[in-house]
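Enquirer: Can you read through this structure? Questions will come right after.
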Amino acid sequence: MRKVMDCMSDFAPYRKIVMMKGAQITWTEICCNFIGYSMHIAPAPVLMVEPIDDMVTLISKTRIDTMIDACPELLSRVSASKSRDGKNTINLKTFPGGVLRLTGANSAAGLRAMPAKILILDEVDGYPPEVGGEGNPVDLAIARTSSFEGKKKILIGSTPINLSVDKVLNIAKTITTLKIKLPVSGETLTRTMLLTAKHKTIEPLFNKKFWENF
Ligand SMILES: Nc1ncnc2c1ncn2[C@@H]1O[C@H](COP(=O)(O)OP(=O)(O)OP(=O)(O)O)[C@@H](O)[C@H]1O
Ligand SMILES: [Mg+2]
């Protein structure tokens, strides 16, 4: 888990971190740690999405508020949860240099409320396939990060429910590690990247058979 958290650092080059995970392995805790980091060390607008609004209330009160109340560095930036002075409400917590907005994936308005440099999609397998006639909640939320190209961080995590239809599995499948051996130096370059539809068109080039028949 330490390695996963290292990937979330502002200094790590990774933009999309996908976690297909077992139950109760501290993923939500890791997301909260990253929120604390984004309030204190690298302030930024953060959007956190839970499957439904009820879960937002639970996470906000029992995980994020307790973290803020227990950390002097966070408490000095975000008001104590009991104060509820508008800087710290269940759905919105403001701090110098950023804001944390929490929303349910069942709320189209919540998903397009603000631009976000940090997007945390928790338990995506519990999201509805479509929200408010506006489309897939994962796509709607990711669109919120479009003005932070090259700087954004998108965290997607879920416990698979059914391996044949898992959203998180489908997202994980679009990430691949390419290894290319340079012919002259013999050096092997490794790059982990997100495969878009455009990348898929060059997929055959990485198949040995393609070159045998060339
Ligand atoms: N650093 C820690 N040390 C020990 N226990 C922890 C730590 N962080 C979280 N826990 C506990 O581990 C349990 C699982 O944490 P968490 O809910 O973050 O995991 P999760 O993978 O998101 O679980 P779920 O599958 O229910 O979504 C919780 O009971 C939490 O209190
Ligand atoms: Mg969780």
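Going by the structure tokens order, chains are called A, B, ..., each with residues numbered from 1, while ligands are numbered from 1 in the order shown.
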Excluding range 156-162 of chain A and its own-chain neighbours fewer than 4 positions away, which residues fall within 10 Å of it when counting only C-alpha atoms? Please give them as an mmCIF file with C-alpha atoms, in the first residue's frame.

Expert:
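In the end it all went to around_27.cif:
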```cif
data_model
loop_
_atom_site.group_PDB
_atom_site.id
_atom_site.type_symbol
_atom_site.label_atom_id
_atom_site.label_comp_id
_atom_site.auth_asym_id
_atom_site.auth_seq_id
_atom_site.Cartn_x
_atom_site.Cartn_y
_atom_site.Cartn_z
ATOM 1 C CA LYS A 16 -4.378 7.382 -13.387
ATOM 2 C CA ILE A 17 -4.159 4.845 -10.565
ATOM 3 C CA VAL A 18 -6.569 1.924 -10.786
ATOM 4 C CA MET A 19 -7.004 -0.469 -7.874
ATOM 5 C CA MET A 20 -8.930 -3.691 -8.386
ATOM 6 C CA LYS A 21 -8.935 -4.863 -4.817
ATOM 7 C CA GLY A 22 -10.185 -7.234 -2.160
ATOM 8 C CA ALA A 23 -12.646 -6.072 0.510
ATOM 9 C CA GLN A 24 -11.401 -4.196 3.573
ATOM 10 C CA ILE A 25 -7.806 -3.706 2.514
ATOM 11 C CA TRP A 27 -8.297 1.495 0.033
ATOM 12 C CA THR A 28 -10.733 4.147 1.340
ATOM 13 C CA CYS A 31 -7.966 7.810 -0.471
ATOM 14 C CA VAL A 49 -17.285 10.233 -5.683
ATOM 15 C CA LEU A 119 -10.515 12.863 -8.812
ATOM 16 C CA ILE A 120 -11.209 9.956 -6.469
ATOM 17 C CA LEU A 121 -13.716 7.369 -7.691
ATOM 18 C CA ASP A 122 -14.397 4.993 -4.802
ATOM 19 C CA GLU A 123 -16.217 1.676 -5.348
ATOM 20 C CA VAL A 124 -16.999 2.267 -9.047
ATOM 21 C CA ASP A 125 -18.699 -1.110 -9.293
ATOM 22 C CA GLY A 126 -21.522 0.331 -7.226
ATOM 23 C CA VAL A 138 -17.321 7.702 -14.469
ATOM 24 C CA ASP A 166 -16.750 -5.236 -13.546
ATOM 25 C CA LYS A 167 -16.251 -1.592 -14.304
ATOM 26 C CA VAL A 168 -12.937 -1.542 -12.466
ATOM 27 C CA LEU A 169 -11.725 -4.611 -14.368
ATOM 28 C CA ILE A 171 -10.696 0.163 -16.665
ATOM 29 C CA ALA A 172 -7.721 -1.900 -15.472
#
```

Enquirer: For Met55 in chain A, list every protein, DNA or RNA residue within 12 Å, evaluated using only C-alpha atoms, and leave out those in the same chain fewer than 5 positions away; present the list as a JSON list (two decimals) with N, CA and C atoms, in the first residue's frame.

Expert:
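Below is the file part13.json, written as the result:
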```
[["chain", "number", "residue", "atom", "x", "y", "z"],
["A", 28, "THR", "N", -10.08, 2.87, 1.03],
["A", 28, "THR", "CA", -10.73, 4.15, 1.34],
["A", 28, "THR", "C", -9.85, 4.97, 2.27],
["A", 48, "MET", "N", -14.40, 13.83, -4.81],
["A", 48, "MET", "CA", -14.47, 12.43, -4.39],
["A", 48, "MET", "C", -15.89, 11.91, -4.64],
["A", 49, "VAL", "N", -15.98, 10.78, -5.33],
["A", 49, "VAL", "CA", -17.28, 10.23, -5.68],
["A", 49, "VAL", "C", -17.48, 8.89, -4.99],
["A", 50, "GLU", "N", -18.61, 8.74, -4.32],
["A", 50, "GLU", "CA", -19.01, 7.47, -3.71],
["A", 50, "GLU", "C", -20.26, 6.99, -4.46],
["A", 60, "SER", "N", -17.75, 11.13, 4.89],
["A", 60, "SER", "CA", -17.40, 12.49, 5.29],
["A", 60, "SER", "C", -17.34, 12.62, 6.81],
["A", 61, "LYS", "N", -18.36, 12.05, 7.49],
["A", 61, "LYS", "CA", -18.43, 12.20, 8.94],
["A", 61, "LYS", "C", -17.47, 11.27, 9.68],
["A", 62, "THR", "N", -17.41, 10.00, 9.24],
["A", 62, "THR", "CA", -16.66, 9.03, 10.05],
["A", 62, "THR", "C", -15.21, 8.89, 9.63],
["A", 63, "ARG", "N", -14.86, 9.31, 8.42],
["A", 63, "ARG", "CA", -13.47, 9.13, 7.98],
["A", 63, "ARG", "C", -12.76, 10.47, 7.80],
["A", 90, "ILE", "N", -20.77, 18.63, 5.10],
["A", 90, "ILE", "CA", -20.65, 17.21, 4.72],
["A", 90, "ILE", "C", -20.16, 17.08, 3.28],
["A", 91, "ASN", "N", -20.67, 17.91, 2.38],
["A", 91, "ASN", "CA", -20.32, 17.78, 0.96],
["A", 91, "ASN", "C", -19.18, 18.68, 0.49],
["A", 102, "LEU", "N", -17.54, 16.35, -2.12],
["A", 102, "LEU", "CA", -17.92, 14.93, -2.07],
["A", 102, "LEU", "C", -19.30, 14.78, -2.67],
["A", 103, "THR", "N", -19.46, 13.81, -3.55],
["A", 103, "THR", "CA", -20.77, 13.62, -4.18],
["A", 103, "THR", "C", -21.06, 12.14, -4.41],
["A", 104, "GLY", "N", -22.35, 11.84, -4.57],
["A", 104, "GLY", "CA", -22.75, 10.49, -4.94],
["A", 104, "GLY", "C", -22.75, 10.36, -6.45],
["A", 105, "ALA", "N", -22.47, 9.14, -6.95],
["A", 105, "ALA", "CA", -22.46, 8.92, -8.41],
["A", 105, "ALA", "C", -23.88, 8.98, -8.97],
["A", 106, "ASN", "N", -24.86, 9.05, -8.07],
["A", 106, "ASN", "CA", -26.26, 9.15, -8.50],
["A", 106, "ASN", "C", -26.71, 10.60, -8.68],
["A", 122, "ASP", "N", -14.43, 6.11, -5.75],
["A", 122, "ASP", "CA", -14.40, 4.99, -4.80],
["A", 122, "ASP", "C", -15.53, 4.02, -5.11],
["A", 123, "GLU", "N", -15.23, 2.74, -5.12],
["A", 123, "GLU", "CA", -16.22, 1.68, -5.35],
["A", 123, "GLU", "C", -17.02, 1.88, -6.64],
["A", 126, "GLY", "N", -20.20, 0.02, -7.77],
["A", 126, "GLY", "CA", -21.52, 0.33, -7.23],
["A", 126, "GLY", "C", -22.19, 1.51, -7.91],
["A", 127, "TYR", "N", -21.55, 2.08, -8.95],
["A", 127, "TYR", "CA", -22.13, 3.25, -9.63],
["A", 127, "TYR", "C", -23.24, 2.83, -10.58]]
```

Enquirer: Could you tell me how far CA of Phe95 in chain A lies from CA of Val78 in chain A, in Å and to one decimal?

Expert: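 Atom-to-atom, CA of Phe95 in chain A and CA of Val78 in chain A are spaced 5.3 Å apart.
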
Enquirer: Can you list, as a list in words, all residues belonging to range 98-131 of chain A that DSSP tags as strand (DSSP E or B)?

Expert: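 Strand (DSSP E or B) members of range 98-131 of chain A, listed: Gly98, Val99, Leu100, Arg101, Leu102, Thr103, Gly104, Ile118, Leu119, Ile120, Leu121 and Asp122 of chain A.
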
Enquirer: Please save N, CA and C atoms of the selected residues as an mmCIF file, in the first residue's frame.

Expert:
```
data_model
loop_
_atom_site.group_PDB
_atom_site.id
_atom_site.type_symbol
_atom_site.label_atom_id
_atom_site.label_comp_id
_atom_site.auth_asym_id
_atom_site.auth_seq_id
_atom_site.Cartn_x
_atom_site.Cartn_y
_atom_site.Cartn_z
ATOM 1 N N GLY A 98 -7.490 25.193 -2.273
ATOM 2 C CA GLY A 98 -8.285 24.107 -2.837
ATOM 3 C C GLY A 98 -9.612 23.913 -2.149
ATOM 4 N N VAL A 99 -10.286 22.862 -2.580
ATOM 5 C CA VAL A 99 -11.591 22.534 -2.030
ATOM 6 C C VAL A 99 -11.818 21.035 -2.212
ATOM 7 N N LEU A 100 -12.497 20.436 -1.258
ATOM 8 C CA LEU A 100 -12.886 19.037 -1.409
ATOM 9 C C LEU A 100 -14.397 18.980 -1.565
ATOM 10 N N ARG A 101 -14.850 18.421 -2.691
ATOM 11 C CA ARG A 101 -16.279 18.249 -2.926
ATOM 12 C C ARG A 101 -16.546 16.762 -2.913
ATOM 13 N N LEU A 102 -17.541 16.347 -2.118
ATOM 14 C CA LEU A 102 -17.916 14.932 -2.072
ATOM 15 C C LEU A 102 -19.301 14.781 -2.675
ATOM 16 N N THR A 103 -19.458 13.813 -3.548
ATOM 17 C CA THR A 103 -20.772 13.619 -4.180
ATOM 18 C C THR A 103 -21.058 12.141 -4.415
ATOM 19 N N GLY A 104 -22.350 11.840 -4.567
ATOM 20 C CA GLY A 104 -22.749 10.487 -4.937
ATOM 21 C C GLY A 104 -22.749 10.362 -6.451
ATOM 22 N N ILE A 118 -7.737 16.642 -8.739
ATOM 23 C CA ILE A 118 -7.691 15.311 -8.130
ATOM 24 C C ILE A 118 -9.092 14.726 -8.169
ATOM 25 N N LEU A 119 -9.218 13.536 -8.757
ATOM 26 C CA LEU A 119 -10.515 12.863 -8.812
ATOM 27 C C LEU A 119 -10.383 11.498 -8.139
ATOM 28 N N ILE A 120 -11.245 11.238 -7.171
ATOM 29 C CA ILE A 120 -11.209 9.956 -6.469
ATOM 30 C C ILE A 120 -12.538 9.252 -6.700
ATOM 31 N N LEU A 121 -12.500 8.142 -7.412
ATOM 32 C CA LEU A 121 -13.716 7.369 -7.691
ATOM 33 C C LEU A 121 -13.657 6.109 -6.831
ATOM 34 N N ASP A 122 -14.429 6.109 -5.753
ATOM 35 C CA ASP A 122 -14.397 4.993 -4.802
ATOM 36 C C ASP A 122 -15.531 4.023 -5.112
#
```

Enquirer: Based on DSSP run over this structure's backbone, return all residues of range 2-185 of chain A in helix (DSSP H, G or I), as an MDAnalysis selection string.

Expert: chainID A and resid 2:7 27:40 53:70 72:75 81:83 108:111 124:126 137:143 146:148 167:173
